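Enquirer: Input: one structure, supplied below.
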Amino acid sequence: MSAIESLLLGLLQGLTEFLPISSSGHLALAKHLLGLGGEDLAFVVFVHFGTLLATVTAFRREVGGMILSSGRFVVGRGVRGDPYLRLAGLILVGSIPAAVVGLLLEEGVEKAFSSTILVAFMLLLTGLILWLTRYVPAGKKAVGIKEAILVGCAQALAILPGVSRSGATIGAALFQGVNKDRAVKFSFLLALPAILGATALKAVDLWRLPPSSSAFISLFLGTMAAYISGYAAIKVLLRVVRRGKLCYFAFYCWAVGLLGLLLSV
């Protein structure tokens, strides 16, 4: 993969990881257009690390609070009713569905990435989910165990390429009457264990087959592009959801999904 291709795909990964338009679906279609075959393991690990850093940067207060509160809990100094400890527990509960589905269906999911038709249909489904959010009244609820589990199930569905993780999880929270800001923050924080877990698994394989030294420039460019575009995408989506305009992304998903179907013919 050239430096330009890495930069473009890293930019695409960062934007689509957080905007509700499916990063996996766009990368699959982009590789199809660029004629790139197979999965570049090093690239996957590095750009996912870039999006992980973007999430931590955007929500550094919440991430720092959860780490400190969890550390106090482990050593027996936890404070009862600590909101950050509660948030960490909800994220742990919400991460279970995706972890189970990912372990059970790993091979099937990898095969799904090679099907542009499936990706296209899942993008159309993502568009429908986003469009339906326009009919949801503004909620005031906080995230509880039930909400965390259902949002976690939506994240598990997003393992399929073409289903937007952020779109599915934010939509699932909004459909349950969760406050808009809380819905977005929980969605992005819930992504941390998923991104970290996927990156760690791929990093083990990468350790066995490390990239050449000449490839690191391309990988660095892709990582920085994913980090910068990912951070910008998070800020944009926060504003979009607060204004109740999440449904606007439906038109984009439908357009790309139809394009994917045309490319598959």
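Just so we're on the same page: first chain in the structure tokens is A, next is B, and so on; residues restart at 1 for each chain, and ligands are numbered from 1 in the order they show up.
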For A:Ile145, find every residue with an atom within 12 Å (counting only C-alpha atoms), except residues of its own chain fewer than 4 positions away, and show them as a list in words.

Expert: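 Result of the neighbour search: Arg86, Leu87, Ala88, Gly89, Leu90, Ile91, Leu92, Val93, Gly94, Ser95, Ile149, Leu150, Val151, Gly152 and Ala173 of chain A.
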
Enquirer: Can you list, as a ChimeraX atom specification, every protein, DNA or RNA residue that comes within 10 Å of stretch 122-138 of chain A when you count only C-alpha atoms, leaving out same-chain residues fewer than 3 positions away?

Expert: /A:20-22,25-26,116-119,141,158,160-165,167-168,170-172,174-180,241-242,244-258,260

Enquirer: Considering only C-alpha atoms, can you say which of A:Tyr84, A:Thr169, A:Leu262, A:Val100 comes closest to A:Arg61?

Expert: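 Result for the nearest residue to A:Arg61: A:Tyr84.
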
Enquirer: Pick out the residues sitting within 12 Å of A:Glu17, and hand them over as a count of residues only; count only C-alpha atoms, and ignore anything fewer than 6 positions along from it in its own chain.

Expert: 38

Enquirer: Interatomic distance between atom CA of A:Leu157 and atom CA of A:Thr223?

Expert: 26.0 Å

Enquirer: Identify which of the residues A:Pro193, A:Gly102, A:Gly65, A:Gly139 lies closest to A:Asp82, counting only C-alpha atoms when measuring atom-to-atom distances.

Expert: A:Gly65

Enquirer: Could you give me the residues within stretch 57-245 of chain A that DSSP places in alpha helix (DSSP H), as a compact mmCIF listing (two decimals) with N, CA and C atoms, in the first residue's frame?

Expert:
```txt
# COMPACT_ATOMS: atom_id res chain seq x y z
N THR A 57 -8.94 11.13 23.30
CA THR A 57 -8.71 12.57 23.33
C THR A 57 -10.02 13.33 23.50
N ALA A 58 -11.04 12.94 22.74
CA ALA A 58 -12.32 13.64 22.78
C ALA A 58 -13.03 13.47 24.12
N ARG A 60 -11.47 12.50 27.15
CA ARG A 60 -10.39 12.27 28.11
C ARG A 60 -10.86 12.41 29.56
N ARG A 61 -11.82 13.29 29.80
CA ARG A 61 -12.33 13.47 31.17
C ARG A 61 -13.03 12.20 31.65
N GLU A 62 -13.91 11.67 30.80
CA GLU A 62 -14.64 10.45 31.17
C GLU A 62 -13.71 9.24 31.26
N VAL A 63 -12.79 9.14 30.31
CA VAL A 63 -11.86 8.00 30.30
C VAL A 63 -10.96 8.05 31.53
N GLY A 64 -10.42 9.23 31.84
CA GLY A 64 -9.58 9.37 33.02
C GLY A 64 -10.33 9.07 34.30
N GLY A 65 -11.58 9.55 34.38
CA GLY A 65 -12.39 9.29 35.57
C GLY A 65 -12.67 7.81 35.75
N MET A 66 -12.96 7.11 34.66
CA MET A 66 -13.25 5.67 34.76
C MET A 66 -12.01 4.89 35.17
N ILE A 67 -10.85 5.28 34.65
CA ILE A 67 -9.61 4.57 35.01
C ILE A 67 -9.31 4.75 36.49
N LEU A 68 -9.41 5.98 36.97
CA LEU A 68 -9.12 6.25 38.38
C LEU A 68 -10.12 5.56 39.31
N SER A 69 -11.41 5.64 38.97
CA SER A 69 -12.44 5.03 39.80
C SER A 69 -12.32 3.52 39.81
N SER A 70 -12.01 2.93 38.64
CA SER A 70 -11.85 1.48 38.57
C SER A 70 -10.63 1.04 39.36
N GLY A 71 -9.57 1.86 39.32
CA GLY A 71 -8.37 1.53 40.09
C GLY A 71 -8.64 1.56 41.58
N ARG A 72 -9.41 2.55 42.03
CA ARG A 72 -9.77 2.62 43.46
C ARG A 72 -10.64 1.43 43.86
N PHE A 73 -11.53 1.03 42.97
CA PHE A 73 -12.40 -0.11 43.26
C PHE A 73 -11.59 -1.39 43.41
N VAL A 74 -10.60 -1.58 42.54
CA VAL A 74 -9.78 -2.79 42.57
C VAL A 74 -9.00 -2.90 43.88
N PRO A 83 -20.09 8.03 39.91
CA PRO A 83 -20.67 8.00 38.56
C PRO A 83 -19.73 7.41 37.51
N TYR A 84 -18.43 7.62 37.68
CA TYR A 84 -17.47 7.08 36.71
C TYR A 84 -17.35 5.56 36.85
N LEU A 85 -17.44 5.07 38.08
CA LEU A 85 -17.40 3.62 38.30
C LEU A 85 -18.65 2.97 37.72
N ARG A 86 -19.79 3.65 37.88
CA ARG A 86 -21.04 3.15 37.31
C ARG A 86 -20.96 3.13 35.78
N LEU A 87 -20.39 4.18 35.20
CA LEU A 87 -20.24 4.25 33.76
C LEU A 87 -19.34 3.13 33.25
N ALA A 88 -18.25 2.88 33.95
CA ALA A 88 -17.35 1.80 33.57
C ALA A 88 -18.06 0.45 33.60
N GLY A 89 -18.90 0.25 34.62
CA GLY A 89 -19.65 -1.00 34.72
C GLY A 89 -20.65 -1.16 33.59
N LEU A 90 -21.32 -0.07 33.21
CA LEU A 90 -22.29 -0.12 32.11
C LEU A 90 -21.60 -0.40 30.78
N ILE A 91 -20.42 0.15 30.59
CA ILE A 91 -19.67 -0.10 29.37
C ILE A 91 -19.23 -1.56 29.31
N LEU A 92 -18.85 -2.11 30.47
CA LEU A 92 -18.48 -3.52 30.54
C LEU A 92 -19.66 -4.40 30.16
N VAL A 93 -20.83 -4.09 30.71
CA VAL A 93 -22.04 -4.86 30.40
C VAL A 93 -22.40 -4.72 28.93
N GLY A 94 -22.32 -3.51 28.40
CA GLY A 94 -22.68 -3.27 27.01
C GLY A 94 -21.72 -3.89 26.01
N SER A 95 -20.51 -4.20 26.45
CA SER A 95 -19.50 -4.78 25.56
C SER A 95 -19.67 -6.29 25.38
N ILE A 96 -20.43 -6.92 26.25
CA ILE A 96 -20.56 -8.38 26.21
C ILE A 96 -21.17 -8.91 24.91
N PRO A 97 -22.30 -8.36 24.41
CA PRO A 97 -22.88 -8.90 23.18
C PRO A 97 -21.92 -8.92 21.99
N ALA A 98 -21.21 -7.82 21.76
CA ALA A 98 -20.29 -7.76 20.63
C ALA A 98 -19.13 -8.74 20.80
N ALA A 99 -18.65 -8.90 22.04
CA ALA A 99 -17.56 -9.84 22.30
C ALA A 99 -17.99 -11.27 21.98
N VAL A 100 -19.20 -11.62 22.40
CA VAL A 100 -19.72 -12.98 22.16
C VAL A 100 -19.91 -13.22 20.66
N VAL A 101 -20.57 -12.28 19.99
CA VAL A 101 -20.82 -12.42 18.55
C VAL A 101 -19.51 -12.46 17.77
N GLY A 102 -18.56 -11.60 18.14
CA GLY A 102 -17.28 -11.55 17.46
C GLY A 102 -16.52 -12.86 17.56
N LEU A 103 -16.53 -13.48 18.74
CA LEU A 103 -15.82 -14.75 18.93
C LEU A 103 -16.50 -15.91 18.22
N LEU A 104 -17.84 -15.91 18.22
CA LEU A 104 -18.58 -17.02 17.61
C LEU A 104 -18.62 -16.95 16.09
N GLU A 106 -16.47 -15.10 13.95
CA GLU A 106 -15.30 -14.41 13.39
C GLU A 106 -15.08 -14.76 11.92
N GLU A 107 -15.11 -16.05 11.58
CA GLU A 107 -14.85 -16.46 10.20
C GLU A 107 -15.94 -15.96 9.26
N GLY A 108 -17.20 -16.05 9.72
CA GLY A 108 -18.31 -15.60 8.89
C GLY A 108 -18.25 -14.12 8.62
N VAL A 109 -17.83 -13.35 9.63
CA VAL A 109 -17.73 -11.89 9.46
C VAL A 109 -16.63 -11.54 8.47
N GLU A 110 -15.50 -12.25 8.55
CA GLU A 110 -14.40 -11.98 7.63
C GLU A 110 -14.81 -12.27 6.19
N LYS A 111 -15.59 -13.33 5.96
CA LYS A 111 -16.07 -13.64 4.62
C LYS A 111 -17.05 -12.58 4.14
N ALA A 112 -17.83 -12.03 5.07
CA ALA A 112 -18.81 -11.01 4.70
C ALA A 112 -18.16 -9.77 4.12
N THR A 116 -19.47 -7.26 -1.68
CA THR A 116 -19.90 -5.86 -1.83
C THR A 116 -21.42 -5.75 -1.84
N ILE A 117 -22.10 -6.82 -2.26
CA ILE A 117 -23.57 -6.81 -2.27
C ILE A 117 -24.10 -6.73 -0.84
N LEU A 118 -23.53 -7.56 0.07
CA LEU A 118 -23.96 -7.53 1.46
C LEU A 118 -23.67 -6.17 2.08
N VAL A 119 -22.48 -5.63 1.81
CA VAL A 119 -22.12 -4.31 2.33
C VAL A 119 -23.13 -3.25 1.88
N ALA A 120 -23.50 -3.31 0.61
CA ALA A 120 -24.45 -2.34 0.06
C ALA A 120 -25.81 -2.44 0.74
N PHE A 121 -26.30 -3.66 0.93
CA PHE A 121 -27.60 -3.84 1.57
C PHE A 121 -27.57 -3.39 3.03
N MET A 122 -26.45 -3.63 3.72
CA MET A 122 -26.34 -3.20 5.11
C MET A 122 -26.26 -1.67 5.22
N LEU A 123 -25.68 -1.02 4.21
CA LEU A 123 -25.68 0.44 4.19
C LEU A 123 -27.10 0.98 4.03
N LEU A 124 -27.89 0.30 3.22
CA LEU A 124 -29.30 0.69 3.06
C LEU A 124 -30.05 0.52 4.39
N LEU A 125 -29.73 -0.55 5.11
CA LEU A 125 -30.34 -0.77 6.42
C LEU A 125 -29.92 0.31 7.41
N THR A 126 -28.64 0.68 7.39
CA THR A 126 -28.15 1.76 8.25
C THR A 126 -28.91 3.05 7.97
N GLY A 127 -29.14 3.33 6.69
CA GLY A 127 -29.91 4.52 6.33
C GLY A 127 -31.31 4.50 6.91
N LEU A 128 -31.94 3.33 6.92
CA LEU A 128 -33.28 3.21 7.48
C LEU A 128 -33.27 3.48 8.99
N ILE A 129 -32.28 2.94 9.69
CA ILE A 129 -32.17 3.17 11.14
C ILE A 129 -32.02 4.66 11.43
N LEU A 130 -31.16 5.31 10.66
CA LEU A 130 -30.92 6.75 10.86
C LEU A 130 -32.17 7.56 10.55
N TRP A 131 -32.89 7.18 9.52
CA TRP A 131 -34.09 7.92 9.13
C TRP A 131 -35.16 7.82 10.22
N LEU A 132 -35.28 6.66 10.84
CA LEU A 132 -36.30 6.46 11.86
C LEU A 132 -36.05 7.30 13.11
N ILE A 145 -28.82 -0.38 33.02
CA ILE A 145 -28.39 -1.71 32.59
C ILE A 145 -29.15 -2.18 31.35
N LYS A 146 -30.48 -1.98 31.36
CA LYS A 146 -31.28 -2.41 30.21
C LYS A 146 -30.86 -1.66 28.95
N GLU A 147 -30.68 -0.35 29.06
CA GLU A 147 -30.26 0.44 27.91
C GLU A 147 -28.88 0.02 27.42
N ALA A 148 -27.97 -0.24 28.37
CA ALA A 148 -26.62 -0.65 28.00
C ALA A 148 -26.61 -1.96 27.24
N ILE A 149 -27.44 -2.92 27.68
CA ILE A 149 -27.50 -4.22 27.01
C ILE A 149 -28.03 -4.08 25.59
N LEU A 150 -29.11 -3.30 25.42
CA LEU A 150 -29.69 -3.14 24.09
C LEU A 150 -28.77 -2.36 23.15
N VAL A 151 -28.09 -1.36 23.68
CA VAL A 151 -27.12 -0.64 22.87
C VAL A 151 -25.96 -1.57 22.52
N GLY A 152 -25.58 -2.43 23.45
CA GLY A 152 -24.54 -3.42 23.19
C GLY A 152 -24.94 -4.40 22.10
N CYS A 153 -26.22 -4.79 22.07
CA CYS A 153 -26.72 -5.67 21.00
C CYS A 153 -26.66 -4.97 19.65
N ALA A 154 -26.94 -3.66 19.65
CA ALA A 154 -26.83 -2.89 18.40
C ALA A 154 -25.38 -2.84 17.93
N GLN A 155 -24.46 -2.74 18.87
CA GLN A 155 -23.03 -2.75 18.52
C GLN A 155 -22.64 -4.11 17.96
N ALA A 156 -23.22 -5.18 18.49
CA ALA A 156 -22.94 -6.52 17.97
C ALA A 156 -23.42 -6.64 16.53
N LEU A 157 -24.57 -6.07 16.22
CA LEU A 157 -25.09 -6.08 14.85
C LEU A 157 -24.14 -5.35 13.91
N ARG A 165 -21.62 1.38 13.26
CA ARG A 165 -21.59 1.13 14.70
C ARG A 165 -22.17 2.33 15.45
N SER A 166 -21.70 3.53 15.09
CA SER A 166 -22.20 4.72 15.79
C SER A 166 -23.68 4.94 15.49
N GLY A 167 -24.09 4.73 14.24
CA GLY A 167 -25.50 4.92 13.89
C GLY A 167 -26.41 3.95 14.62
N ALA A 168 -25.99 2.66 14.67
CA ALA A 168 -26.80 1.65 15.33
C ALA A 168 -26.88 1.87 16.83
N THR A 169 -25.74 2.20 17.46
CA THR A 169 -25.73 2.35 18.92
C THR A 169 -26.40 3.64 19.38
N ILE A 170 -26.15 4.74 18.68
CA ILE A 170 -26.82 5.99 19.04
C ILE A 170 -28.32 5.85 18.80
N GLY A 171 -28.69 5.24 17.68
CA GLY A 171 -30.09 5.01 17.39
C GLY A 171 -30.76 4.17 18.46
N ALA A 172 -30.09 3.09 18.89
CA ALA A 172 -30.65 2.22 19.93
C ALA A 172 -30.87 2.97 21.23
N ALA A 173 -29.96 3.87 21.56
CA ALA A 173 -30.10 4.67 22.79
C ALA A 173 -31.24 5.67 22.66
N LEU A 174 -31.31 6.35 21.52
CA LEU A 174 -32.37 7.34 21.31
C LEU A 174 -33.75 6.69 21.30
N PHE A 175 -33.86 5.50 20.69
CA PHE A 175 -35.15 4.80 20.63
C PHE A 175 -35.64 4.42 22.03
N LYS A 180 -29.88 12.92 24.41
CA LYS A 180 -29.05 12.95 23.21
C LYS A 180 -27.55 12.95 23.53
N ASP A 181 -27.13 13.85 24.42
CA ASP A 181 -25.71 13.92 24.77
C ASP A 181 -25.22 12.62 25.38
N ARG A 182 -26.02 12.06 26.28
CA ARG A 182 -25.63 10.80 26.92
C ARG A 182 -25.59 9.66 25.92
N ALA A 183 -26.50 9.69 24.95
CA ALA A 183 -26.53 8.64 23.93
C ALA A 183 -25.24 8.65 23.11
N VAL A 184 -24.81 9.84 22.70
CA VAL A 184 -23.59 9.95 21.89
C VAL A 184 -22.36 9.56 22.70
N LYS A 185 -22.24 10.08 23.90
CA LYS A 185 -21.07 9.78 24.73
C LYS A 185 -20.98 8.30 25.04
N PHE A 186 -22.13 7.69 25.40
CA PHE A 186 -22.09 6.26 25.72
C PHE A 186 -21.73 5.45 24.48
N SER A 187 -22.23 5.84 23.33
CA SER A 187 -21.92 5.14 22.09
C SER A 187 -20.42 5.14 21.82
N PHE A 188 -19.79 6.30 21.94
CA PHE A 188 -18.37 6.40 21.64
C PHE A 188 -17.51 5.72 22.71
N LEU A 189 -17.89 5.87 23.97
CA LEU A 189 -17.13 5.21 25.03
C LEU A 189 -17.28 3.69 24.95
N LEU A 190 -18.46 3.23 24.51
CA LEU A 190 -18.67 1.80 24.34
C LEU A 190 -17.77 1.23 23.24
N ALA A 191 -17.36 2.10 22.32
CA ALA A 191 -16.49 1.65 21.22
C ALA A 191 -15.08 1.34 21.70
N LEU A 192 -14.67 1.94 22.83
CA LEU A 192 -13.29 1.77 23.29
C LEU A 192 -12.88 0.32 23.51
N PRO A 193 -13.65 -0.48 24.31
CA PRO A 193 -13.26 -1.88 24.48
C PRO A 193 -13.26 -2.65 23.16
N ALA A 194 -14.24 -2.35 22.28
CA ALA A 194 -14.33 -3.05 21.00
C ALA A 194 -13.11 -2.74 20.12
N ILE A 195 -12.77 -1.45 20.02
CA ILE A 195 -11.62 -1.07 19.19
C ILE A 195 -10.33 -1.59 19.80
N LEU A 196 -10.21 -1.47 21.14
CA LEU A 196 -9.00 -1.93 21.83
C LEU A 196 -8.84 -3.44 21.68
N GLY A 197 -9.96 -4.18 21.83
CA GLY A 197 -9.90 -5.63 21.71
C GLY A 197 -9.52 -6.07 20.30
N ALA A 198 -10.16 -5.47 19.30
CA ALA A 198 -9.87 -5.82 17.91
C ALA A 198 -8.42 -5.48 17.56
N THR A 199 -7.97 -4.32 18.03
CA THR A 199 -6.59 -3.91 17.76
C THR A 199 -5.59 -4.84 18.42
N ALA A 200 -5.88 -5.26 19.66
CA ALA A 200 -4.97 -6.14 20.38
C ALA A 200 -4.86 -7.50 19.69
N LEU A 201 -6.00 -8.04 19.24
CA LEU A 201 -5.99 -9.34 18.56
C LEU A 201 -5.18 -9.28 17.28
N LYS A 202 -5.38 -8.21 16.50
CA LYS A 202 -4.63 -8.06 15.26
C LYS A 202 -3.16 -7.78 15.53
N ALA A 203 -2.87 -7.07 16.64
CA ALA A 203 -1.49 -6.74 16.98
C ALA A 203 -0.67 -7.99 17.30
N VAL A 204 -1.32 -9.00 17.87
CA VAL A 204 -0.64 -10.27 18.15
C VAL A 204 -0.16 -10.91 16.85
N ASP A 205 -1.05 -10.90 15.85
CA ASP A 205 -0.68 -11.45 14.54
C ASP A 205 0.40 -10.59 13.88
N LEU A 206 0.29 -9.27 14.07
CA LEU A 206 1.27 -8.36 13.49
C LEU A 206 2.65 -8.57 14.10
N TRP A 207 2.67 -8.93 15.38
CA TRP A 207 3.96 -9.17 16.07
C TRP A 207 4.70 -10.34 15.42
N ARG A 208 3.94 -11.32 14.93
CA ARG A 208 4.54 -12.48 14.28
C ARG A 208 5.02 -12.15 12.87
N PHE A 216 6.64 1.81 7.41
CA PHE A 216 6.21 2.56 8.57
C PHE A 216 5.80 4.00 8.24
N ILE A 217 6.39 4.59 7.21
CA ILE A 217 6.01 5.96 6.84
C ILE A 217 4.55 5.98 6.39
N SER A 218 4.18 5.02 5.54
CA SER A 218 2.79 4.93 5.07
C SER A 218 1.85 4.66 6.24
N LEU A 219 2.26 3.76 7.13
CA LEU A 219 1.42 3.42 8.28
C LEU A 219 1.25 4.61 9.21
N PHE A 220 2.32 5.38 9.40
CA PHE A 220 2.25 6.57 10.26
C PHE A 220 1.29 7.60 9.67
N LEU A 221 1.38 7.81 8.36
CA LEU A 221 0.48 8.77 7.71
C LEU A 221 -0.98 8.33 7.84
N GLY A 222 -1.21 7.04 7.66
CA GLY A 222 -2.58 6.52 7.80
C GLY A 222 -3.09 6.68 9.22
N THR A 223 -2.23 6.44 10.20
CA THR A 223 -2.62 6.56 11.61
C THR A 223 -2.95 8.00 11.97
N MET A 224 -2.12 8.94 11.56
CA MET A 224 -2.36 10.35 11.86
C MET A 224 -3.62 10.85 11.16
N ALA A 225 -3.84 10.38 9.94
CA ALA A 225 -5.04 10.79 9.21
C ALA A 225 -6.28 10.28 9.92
N ALA A 226 -6.22 9.03 10.41
CA ALA A 226 -7.35 8.45 11.13
C ALA A 226 -7.60 9.17 12.44
N TYR A 227 -6.52 9.57 13.12
CA TYR A 227 -6.64 10.28 14.40
C TYR A 227 -7.28 11.66 14.22
N ILE A 228 -6.75 12.44 13.29
CA ILE A 228 -7.24 13.81 13.10
C ILE A 228 -8.67 13.82 12.56
N SER A 229 -8.93 13.00 11.55
CA SER A 229 -10.28 12.97 10.97
C SER A 229 -11.27 12.36 11.95
N GLY A 230 -10.82 11.40 12.75
CA GLY A 230 -11.70 10.78 13.74
C GLY A 230 -12.11 11.76 14.82
N TYR A 231 -11.15 12.54 15.31
CA TYR A 231 -11.46 13.55 16.34
C TYR A 231 -12.43 14.59 15.80
N ALA A 232 -12.21 15.03 14.56
CA ALA A 232 -13.10 16.01 13.94
C ALA A 232 -14.50 15.43 13.77
N ALA A 233 -14.58 14.16 13.38
CA ALA A 233 -15.87 13.51 13.16
C ALA A 233 -16.67 13.41 14.46
N ILE A 234 -16.00 13.14 15.57
CA ILE A 234 -16.67 13.05 16.87
C ILE A 234 -17.30 14.39 17.22
N LYS A 235 -16.55 15.47 17.04
CA LYS A 235 -17.07 16.81 17.36
C LYS A 235 -18.25 17.17 16.48
N VAL A 236 -18.16 16.82 15.21
CA VAL A 236 -19.26 17.12 14.28
C VAL A 236 -20.51 16.35 14.66
N LEU A 237 -20.35 15.06 14.97
CA LEU A 237 -21.52 14.24 15.26
C LEU A 237 -22.21 14.67 16.55
N LEU A 238 -21.44 15.12 17.53
CA LEU A 238 -22.04 15.63 18.77
C LEU A 238 -22.99 16.78 18.47
N ARG A 239 -22.57 17.68 17.60
CA ARG A 239 -23.42 18.82 17.25
C ARG A 239 -24.64 18.38 16.45
N VAL A 240 -24.44 17.43 15.54
CA VAL A 240 -25.53 16.96 14.68
C VAL A 240 -26.63 16.31 15.52
N VAL A 241 -26.24 15.45 16.46
CA VAL A 241 -27.23 14.75 17.28
C VAL A 241 -27.96 15.72 18.20
N ARG A 242 -27.25 16.68 18.76
CA ARG A 242 -27.88 17.68 19.64
C ARG A 242 -28.96 18.46 18.89
```

Enquirer: Suppose you want the space between atom CA of A:Ala3 and atom CA of A:Leu259; what is it in Å?

Expert: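 Distance between the two atoms: 26.5 Å.
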